[in-house]
$ cat model.txt   # compact mmCIF, C-alpha atoms
# COMPACT_ATOMS: atom_id res chain seq x y z
CA MET F 1 51.05 15.85 55.23
CA GLU F 2 52.83 18.21 57.64
CA TRP F 3 54.35 21.53 56.64
CA SER F 4 54.94 24.84 58.40
CA LEU F 5 54.33 28.50 57.72
CA ASP F 6 58.11 28.92 57.65
CA GLN F 7 58.31 26.51 54.70
CA LEU F 8 55.53 28.42 52.95
CA ARG F 9 57.40 31.67 53.50
CA GLN F 10 60.63 30.26 52.08
CA PHE F 11 58.78 28.86 49.04
CA VAL F 12 57.04 32.19 48.34
CA THR F 13 60.26 34.17 48.86
CA ALA F 14 62.23 31.91 46.49
CA ALA F 15 59.51 32.26 43.85
CA GLU F 16 59.47 36.06 44.23
CA CYS F 17 63.28 36.42 44.21
CA GLY F 18 63.84 34.00 41.33
CA SER F 19 66.60 32.00 43.04
CA PHE F 20 67.34 30.12 46.25
CA SER F 21 70.45 32.22 46.93
CA ALA F 22 68.54 35.51 46.64
CA ALA F 23 65.81 34.14 48.88
CA ALA F 24 68.42 33.07 51.43
CA ARG F 25 69.93 36.55 51.48
CA LYS F 26 66.51 38.16 51.93
CA LEU F 27 65.61 35.77 54.76
CA GLY F 28 69.02 35.98 56.38
CA ARG F 29 69.67 32.24 56.08
CA ALA F 30 72.15 29.91 54.42
CA GLN F 31 71.32 28.88 50.87
CA SER F 32 71.62 25.23 51.81
CA ALA F 33 69.03 25.69 54.59
CA VAL F 34 66.53 27.28 52.19
CA SER F 35 67.12 24.64 49.50
CA THR F 36 66.66 21.83 52.04
CA ALA F 37 63.52 23.37 53.50
CA ILE F 38 61.92 23.72 50.07
CA ALA F 39 62.94 20.17 49.09
CA LEU F 40 61.30 18.79 52.25
CA PHE F 41 58.23 20.94 51.52
CA GLU F 42 58.00 19.35 48.05
CA ILE F 43 58.22 15.88 49.62
CA ASP F 44 55.40 16.76 52.04
CA LEU F 45 53.25 18.05 49.19
CA GLY F 46 54.13 15.25 46.80
CA VAL F 47 54.83 17.63 43.89
CA GLU F 48 57.82 19.47 42.46
CA LEU F 49 57.55 23.22 42.88
CA PHE F 50 60.68 24.28 40.98
CA ASP F 51 62.33 23.08 37.78
CA ARG F 52 65.92 22.45 38.94
CA SER F 53 67.18 21.77 35.43
CA ARG F 54 67.40 25.51 34.96
CA ARG F 55 69.87 27.90 36.54
CA ASN F 56 67.26 30.08 38.16
CA ALA F 57 64.42 28.92 40.43
CA MET F 58 61.75 28.50 37.76
CA LEU F 59 58.33 27.40 38.98
CA THR F 60 56.71 24.30 37.56
CA ASP F 61 53.06 24.42 36.51
CA ALA F 62 52.12 22.93 39.90
CA GLY F 63 54.39 25.47 41.61
CA ARG F 64 52.63 28.40 39.92
CA LEU F 65 49.24 27.14 41.07
CA LEU F 66 50.37 26.41 44.62
CA LEU F 67 52.13 29.79 44.87
CA LEU F 68 48.74 31.50 44.77
CA GLU F 69 47.46 29.27 47.57
CA ALA F 70 50.62 29.72 49.64
CA THR F 71 50.48 33.51 49.31
CA GLU F 72 46.86 33.54 50.49
CA VAL F 73 47.63 31.28 53.48
CA LEU F 74 50.46 33.60 54.53
CA ARG F 75 48.16 36.61 54.21
CA GLN F 76 45.55 34.98 56.43
CA ALA F 77 48.20 33.99 58.96
CA GLU F 78 49.42 37.59 59.07
CA GLU F 79 45.86 38.83 59.65
CA LEU F 80 45.44 36.31 62.45
CA GLY F 81 48.59 37.59 64.11
CA GLN F 82 47.51 41.21 63.73
CA ARG F 83 44.09 40.53 65.20
CA ALA F 84 45.62 38.65 68.14
CA GLN F 85 48.04 41.53 68.73
CA PHE F 86 45.14 43.99 68.52
CA LEU F 87 43.18 42.07 71.16
CA ALA F 88 46.21 41.53 73.38
CA GLY F 89 46.81 45.28 73.41
CA GLY F 90 43.52 45.80 75.24
CA ASP F 91 41.55 47.26 72.32
CA ASP F 92 38.11 45.94 71.56
CA ALA F 93 38.02 44.39 68.09
CA LYS F 94 34.56 45.86 67.47
CA VAL F 95 33.45 49.48 67.36
CA ALA F 96 29.98 50.79 66.50
CA LEU F 97 30.00 54.45 65.47
CA ALA F 98 26.87 56.56 64.94
CA LEU F 99 27.23 59.62 62.69
CA ASP F 100 24.95 62.57 62.07
CA GLU F 101 23.87 62.36 58.43
CA ALA F 102 24.50 66.10 58.00
CA LEU F 103 28.19 66.06 58.93
CA PRO F 104 30.55 67.13 56.10
CA ARG F 105 30.97 64.08 53.86
CA PRO F 106 34.62 64.74 52.90
CA ALA F 107 35.61 64.71 56.59
CA VAL F 108 33.54 61.57 57.29
CA ASN F 109 34.89 59.73 54.25
CA ARG F 110 38.47 60.61 55.17
CA LEU F 111 37.94 59.45 58.75
CA ILE F 112 36.66 56.04 57.64
CA LEU F 113 39.47 55.64 55.10
CA GLU F 114 42.15 56.39 57.69
CA LEU F 115 40.40 54.22 60.28
CA SER F 116 40.68 51.23 57.94
CA THR F 117 44.43 51.81 57.63
CA ARG F 118 45.13 52.48 61.30
CA TYR F 119 42.97 49.61 62.63
CA PRO F 120 42.76 47.11 59.75
CA MET F 121 41.62 44.24 62.02
CA MET F 122 38.87 46.20 63.75
CA GLU F 123 35.25 45.28 62.97
CA LEU F 124 33.42 48.54 62.33
CA THR F 125 29.67 49.20 62.34
CA LEU F 126 28.51 52.57 60.99
CA LEU F 127 25.08 53.95 61.81
CA ASN F 128 23.70 57.16 60.33
CA GLY F 129 20.76 59.32 61.29
CA THR F 130 19.51 62.63 62.56
CA PRO F 131 21.06 64.17 65.70
CA ALA F 132 18.29 62.65 67.82
CA GLU F 133 18.60 59.24 66.18
CA VAL F 134 22.34 58.91 66.75
CA THR F 135 21.78 59.77 70.41
CA ASP F 136 19.15 57.03 70.57
CA TYR F 137 21.68 54.55 69.14
CA ILE F 138 23.89 55.20 72.18
CA ASP F 139 20.93 54.96 74.54
CA GLN F 140 19.87 51.65 72.95
CA GLU F 141 23.50 50.40 73.12
CA ARG F 142 23.56 49.93 69.35
CA ALA F 143 26.61 52.21 69.21
CA GLU F 144 29.40 53.05 71.65
CA LEU F 145 30.24 56.42 70.17
CA ALA F 146 28.24 59.10 68.33
CA ILE F 147 29.16 62.32 66.56
CA HIS F 148 26.43 64.82 65.80
CA PHE F 149 25.49 68.47 65.58
CA ASP F 150 24.91 69.80 69.07
CA ARG F 151 21.17 70.45 69.31
CA GLY F 152 20.89 71.07 73.05
CA PRO F 153 21.92 69.84 76.49
CA LEU F 154 23.18 66.30 76.98
CA ARG F 155 20.64 63.71 78.03
CA ALA F 156 20.99 62.18 81.47
CA GLY F 157 23.45 59.29 81.44
CA PHE F 158 25.67 60.69 78.67
CA ASP F 159 29.14 62.18 78.50
CA GLY F 160 30.15 64.41 75.63
CA ARG F 161 32.71 66.83 74.28
CA HIS F 162 32.76 69.57 71.67
CA ILE F 163 35.14 68.48 68.88
CA GLY F 164 34.61 71.03 66.13
CA ALA F 165 32.25 73.28 64.25
CA VAL F 166 30.67 73.78 60.82
CA GLN F 167 29.69 77.12 59.30
CA GLN F 168 25.99 77.84 58.69
CA GLY F 169 24.03 80.40 56.73
CA VAL F 170 20.66 81.43 55.33
CA PHE F 171 19.82 79.84 51.97
CA VAL F 172 17.07 80.11 49.36
CA ALA F 173 16.32 78.70 45.93
CA ALA F 174 17.26 80.43 42.69
CA GLY F 175 14.89 83.30 41.89
CA HIS F 176 13.71 83.78 45.47
CA SER F 177 12.70 87.39 46.23
CA LEU F 178 15.14 87.65 49.14
CA LEU F 179 18.06 87.49 46.69
CA SER F 180 17.09 90.90 45.29
CA ARG F 181 16.90 92.53 48.76
CA GLN F 182 20.39 91.84 50.12
CA PRO F 183 21.39 92.49 52.77
CA VAL F 184 18.06 91.52 54.32
CA ALA F 185 16.50 92.67 57.59
CA ARG F 186 14.50 90.62 60.05
CA ARG F 187 11.22 91.94 58.66
CA ASP F 188 12.24 90.67 55.21
CA LEU F 189 12.66 87.09 56.49
CA ALA F 190 9.31 87.31 58.26
CA ARG F 191 7.52 87.71 54.93
CA TYR F 192 8.40 84.19 53.79
CA ARG F 193 8.03 80.67 55.17
CA GLN F 194 10.90 79.48 57.33
CA LEU F 195 11.98 75.83 57.22
CA LEU F 196 13.22 74.82 60.67
CA ILE F 197 15.26 71.88 61.91
CA HIS F 198 13.20 69.97 64.50
CA ALA F 199 14.88 68.63 67.64
CA ASP F 200 13.26 66.95 70.62
CA ASP F 201 14.85 69.11 73.31
CA VAL F 202 15.45 72.39 71.47
CA GLU F 203 13.14 74.80 69.70
CA PRO F 204 15.16 76.87 67.20
CA ILE F 205 14.33 80.53 66.85
CA ALA F 206 11.56 81.24 64.35
CA TYR F 207 11.96 84.50 62.44
CA SER F 208 8.76 84.02 60.45
CA PRO F 209 5.16 83.47 61.58
CA ARG F 210 4.94 80.69 58.97
CA VAL F 211 7.04 77.65 59.80
CA TRP F 212 7.52 74.12 58.49
CA ARG F 213 9.74 71.65 60.37
CA SER F 214 11.79 68.54 59.63
CA ASP F 215 14.26 66.48 61.65
CA SER F 216 16.62 66.21 58.66
CA PHE F 217 18.79 68.98 57.21
CA TYR F 218 18.73 67.13 53.89
CA ASN F 219 14.93 67.21 53.81
CA ILE F 220 14.99 70.91 54.59
CA ALA F 221 17.53 71.52 51.81
CA GLU F 222 15.24 69.70 49.38
CA MET F 223 12.32 71.89 50.41
CA VAL F 224 14.44 75.00 50.00
CA ALA F 225 15.43 73.81 46.51
CA ASP F 226 11.71 73.41 45.74
CA ASP F 227 11.27 77.09 46.73
CA LEU F 228 9.04 76.24 49.68
CA GLY F 229 10.81 78.70 51.95
CA TRP F 230 14.15 79.80 53.34
CA ALA F 231 16.27 77.98 55.92
CA ILE F 232 19.34 78.22 58.09
CA LEU F 233 21.55 75.32 56.94
CA PRO F 234 25.08 74.03 57.46
CA THR F 235 27.10 75.29 54.51
CA ASN F 236 28.13 71.74 53.54
CA ILE F 237 24.47 70.72 53.17
CA ALA F 238 23.69 73.76 51.03
CA ALA F 239 26.75 73.06 48.87
CA ALA F 240 25.56 69.50 48.23
CA ALA F 241 22.86 70.88 45.94
CA ASN F 242 23.96 71.38 42.37
CA GLY F 243 22.84 72.24 38.88
CA SER F 244 19.38 73.78 38.52
CA ARG F 245 18.64 73.03 42.21
CA ARG F 246 21.54 75.04 43.58
CA LEU F 247 20.92 76.89 46.84
CA TYR F 248 21.95 80.51 47.22
CA PRO F 249 23.17 82.30 50.37
CA VAL F 250 21.35 85.34 51.67
CA GLU F 251 23.26 88.03 53.57
CA CYS F 252 21.61 88.57 56.97
CA PRO F 253 23.94 90.73 59.13
CA PHE F 254 21.45 90.94 62.01
CA LEU F 255 21.53 87.17 62.57
CA ALA F 256 25.31 86.92 63.17
CA LEU F 257 25.03 83.13 62.92
CA PRO F 258 27.70 81.29 64.94
CA PRO F 259 29.23 78.05 63.62
CA LEU F 260 27.25 74.89 64.44
CA SER F 261 28.93 72.95 67.22
CA VAL F 262 29.81 69.29 66.56
CA ARG F 263 29.75 67.04 69.60
CA MET F 264 30.95 63.53 70.37
CA LEU F 265 29.03 61.58 73.00
CA TRP F 266 29.05 58.22 74.75
CA ARG F 267 27.56 56.49 77.79
CA GLN F 268 28.40 58.22 81.06
CA GLY F 269 31.22 56.63 83.03
CA ARG F 270 32.52 54.46 80.18
CA PRO F 271 36.20 55.16 79.46
CA LEU F 272 37.07 55.77 75.83
CA ARG F 273 39.17 53.07 74.21
CA PRO F 274 42.23 53.87 72.07
CA PRO F 275 40.38 53.67 68.71
CA GLU F 276 37.65 55.97 70.05
CA LYS F 277 40.19 58.48 71.35
CA TRP F 278 41.82 58.42 67.92
CA VAL F 279 38.43 59.04 66.24
CA GLU F 280 37.84 62.04 68.51
CA LYS F 281 41.23 63.60 67.80
CA ARG F 282 41.31 62.85 64.07
CA PHE F 283 37.76 63.96 63.29
CA SER F 284 38.38 67.21 65.16
CA GLU F 285 41.38 67.80 62.88
CA LEU F 286 39.37 66.92 59.77
CA LEU F 287 36.57 69.32 60.73
CA CYS F 288 39.16 72.06 61.14
CA ASP F 289 40.67 71.25 57.73
CA ASN F 290 37.15 71.25 56.21
CA ALA F 291 36.41 74.69 57.68
CA GLU F 292 39.68 76.13 56.34
CA GLY F 293 39.04 74.61 52.92
CA SER F 294 35.59 76.17 52.67
CA MET F 295 36.82 79.71 53.35
$ encode --input "model.txt" --output "structure tokens"
Amino acid sequence: MEWSLDQLRQFVTAAECGSFSAAARKLGRAQSAVSTAIALFEIDLGVELFDRSRRNAMLTDAGRLLLLEATEVLRQAEELGQRAQFLAGGDDAKVALALDEALPRPAVNRLILELSTRYPMMELTLLNGTPAEVTDYIDQERAELAIHFDRGPLRAGFDGRHIGAVQQGVFVAAGHSLLSRQPVARRDLARYRQLLIHADDVEPIAYSPRVWRSDSFYNIAEMVADDLGWAILPTNIAAAANGSRRLYPVECPFLALPPLSVRMLWRQGRPLRPPEKWVEKRFSELLCDNAEGSM
């Protein structure tokens, strides 16, 4: 049994159009050529695909069943062609991307959605973790590219670029005493436990003599919600809390907190590939859109 993808395409087109003449017009061929090709295809298969006793190209029972198979074969053939074109263009078909767990989820979700459309044949691996963990993924060669909150100087052997920023603020649980003192002074913060983000290379400023630390902004947000202290958090993390565990901002003019820098990093000396350059540009745009939407 020998048949070609071209015969499959003509069969599927005739079934979709409802007639050989309409299929011929769509394919830019003579009706006789399409009719002959489908007749030879039926001989190869050993079954009749169309009921020719009718005026239109009506599928037989066997034709309806084989149409599903033919459509799937054509889809797979198209994917094969796209993947080959992707590889021939010089792009790696695999990308491993490490993302800081605290990055704004709407921006991350949009990035992944658009990535699937722009590079449908690319094999993607997503890794999530704390800022230190995503850096380790690059160091361990588990990921080629990482995006995280900038928590200090680049490690030796890394290249990196600032690609955006996320607003931050001071947050407490409902009913916390600081909410009744706004705006608060430094001495007010010093009266209560501060929950600090822990990073290997950076020691954040402590404004209270009592400090608890965690390497995860989400863990810190949970502790704030449990009224264990106050914390400086990215606004998207604080907004993730809801209902009775909502976090509340505290006005602290003396802090003048700058936006948290978001950085992309990769192994030093390795040129960025087209999909990675696209990720850098697009995520920078999404972070900007996220910042404007939160104002």
$ closest_residue --input "model.txt" --among "F:Leu145, F:Leu103, F:Ile237, F:Leu257" --to "Leu124 of chain F" --atoms "all atoms listed in the file"
F:Leu145
$ atom_distance --input "model.txt" --atom1 "atom CA of Phe149 of chain F" --atom2 "atom CA of Leu178 of chain F"
27.3 Å
$ closest_atom_pairs --input "model.txt" --of "segment 79-146 of chain F" --to "segment 155-175 of chain F" --cutoff "9 Å" --atoms "all atoms listed in the file" --output "JSON lines"
{"residue": "F:Leu103", "atom": "CA", "partner": "F:Val166", "partner_atom": "CA", "distance": 8.3}
{"residue": "F:Pro104", "atom": "CA", "partner": "F:Val166", "partner_atom": "CA", "distance": 8.2}
{"residue": "F:Thr135", "atom": "CA", "partner": "F:Arg155", "partner_atom": "CA", "distance": 8.7}
{"residue": "F:Ile138", "atom": "CA", "partner": "F:Phe158", "partner_atom": "CA", "distance": 8.7}
{"residue": "F:Asp139", "atom": "CA", "partner": "F:Phe158", "partner_atom": "CA", "distance": 8.5}
$ residues_around --input "model.txt" --residues "Asn109 of chain F" --least-positions-apart "3" --cutoff "12 Å" --atoms "all atoms listed in the file" --output "JSON, numbers by chain"
{"F": [99, 103, 104, 105, 106, 112, 113, 114, 115, 116, 126, 283, 286, 287, 290]}
$ atom_distance --input "model.txt" --atom1 "atom CA of Glu42 of chain F" --atom2 "atom CA of Leu74 of chain F"
17.4 Å
$ build_atoms --input "model.txt" --residues "segment 214-231 of chain F" --atoms "N, CA and C atoms" --output "compact mmCIF listing (two decimals), in the coordinates of the input"
# COMPACT_ATOMS: atom_id res chain seq x y z
N SER F 214 11.33 69.88 59.98
CA SER F 214 11.79 68.54 59.63
C SER F 214 12.94 68.19 60.56
N ASP F 215 13.13 66.88 60.81
CA ASP F 215 14.26 66.48 61.65
C ASP F 215 15.52 66.22 60.84
N SER F 216 15.48 66.49 59.53
CA SER F 216 16.62 66.21 58.66
C SER F 216 17.02 67.47 57.88
N PHE F 217 18.29 67.85 57.99
CA PHE F 217 18.79 68.98 57.21
C PHE F 217 18.68 68.71 55.71
N TYR F 218 18.84 67.45 55.32
CA TYR F 218 18.73 67.13 53.89
C TYR F 218 17.31 67.34 53.39
N ASN F 219 16.32 66.97 54.20
CA ASN F 219 14.93 67.21 53.81
C ASN F 219 14.65 68.71 53.69
N ILE F 220 15.19 69.46 54.63
CA ILE F 220 14.99 70.91 54.59
C ILE F 220 15.65 71.49 53.34
N ALA F 221 16.86 71.02 53.01
CA ALA F 221 17.53 71.52 51.81
C ALA F 221 16.73 71.22 50.56
N GLU F 222 16.09 70.05 50.51
CA GLU F 222 15.24 69.70 49.38
C GLU F 222 14.05 70.65 49.28
N MET F 223 13.46 70.97 50.41
CA MET F 223 12.32 71.89 50.41
C MET F 223 12.75 73.29 50.01
N VAL F 224 13.93 73.70 50.43
CA VAL F 224 14.44 75.00 50.00
C VAL F 224 14.63 75.00 48.49
N ALA F 225 15.22 73.91 47.96
CA ALA F 225 15.43 73.81 46.51
C ALA F 225 14.12 73.85 45.74
N ASP F 226 13.04 73.36 46.37
CA ASP F 226 11.71 73.41 45.74
C ASP F 226 11.03 74.75 45.94
N ASP F 227 11.77 75.73 46.50
CA ASP F 227 11.27 77.09 46.73
C ASP F 227 10.07 77.12 47.67
N LEU F 228 10.11 76.26 48.69
CA LEU F 228 9.04 76.24 49.68
C LEU F 228 9.31 77.16 50.86
N GLY F 229 10.47 77.78 50.88
CA GLY F 229 10.81 78.70 51.95
C GLY F 229 12.31 78.86 52.07
N TRP F 230 12.73 79.61 53.08
CA TRP F 230 14.15 79.80 53.34
C TRP F 230 14.53 79.03 54.60
N ALA F 231 15.83 78.77 54.76
CA ALA F 231 16.27 77.98 55.92
C ALA F 231 17.69 78.35 56.32
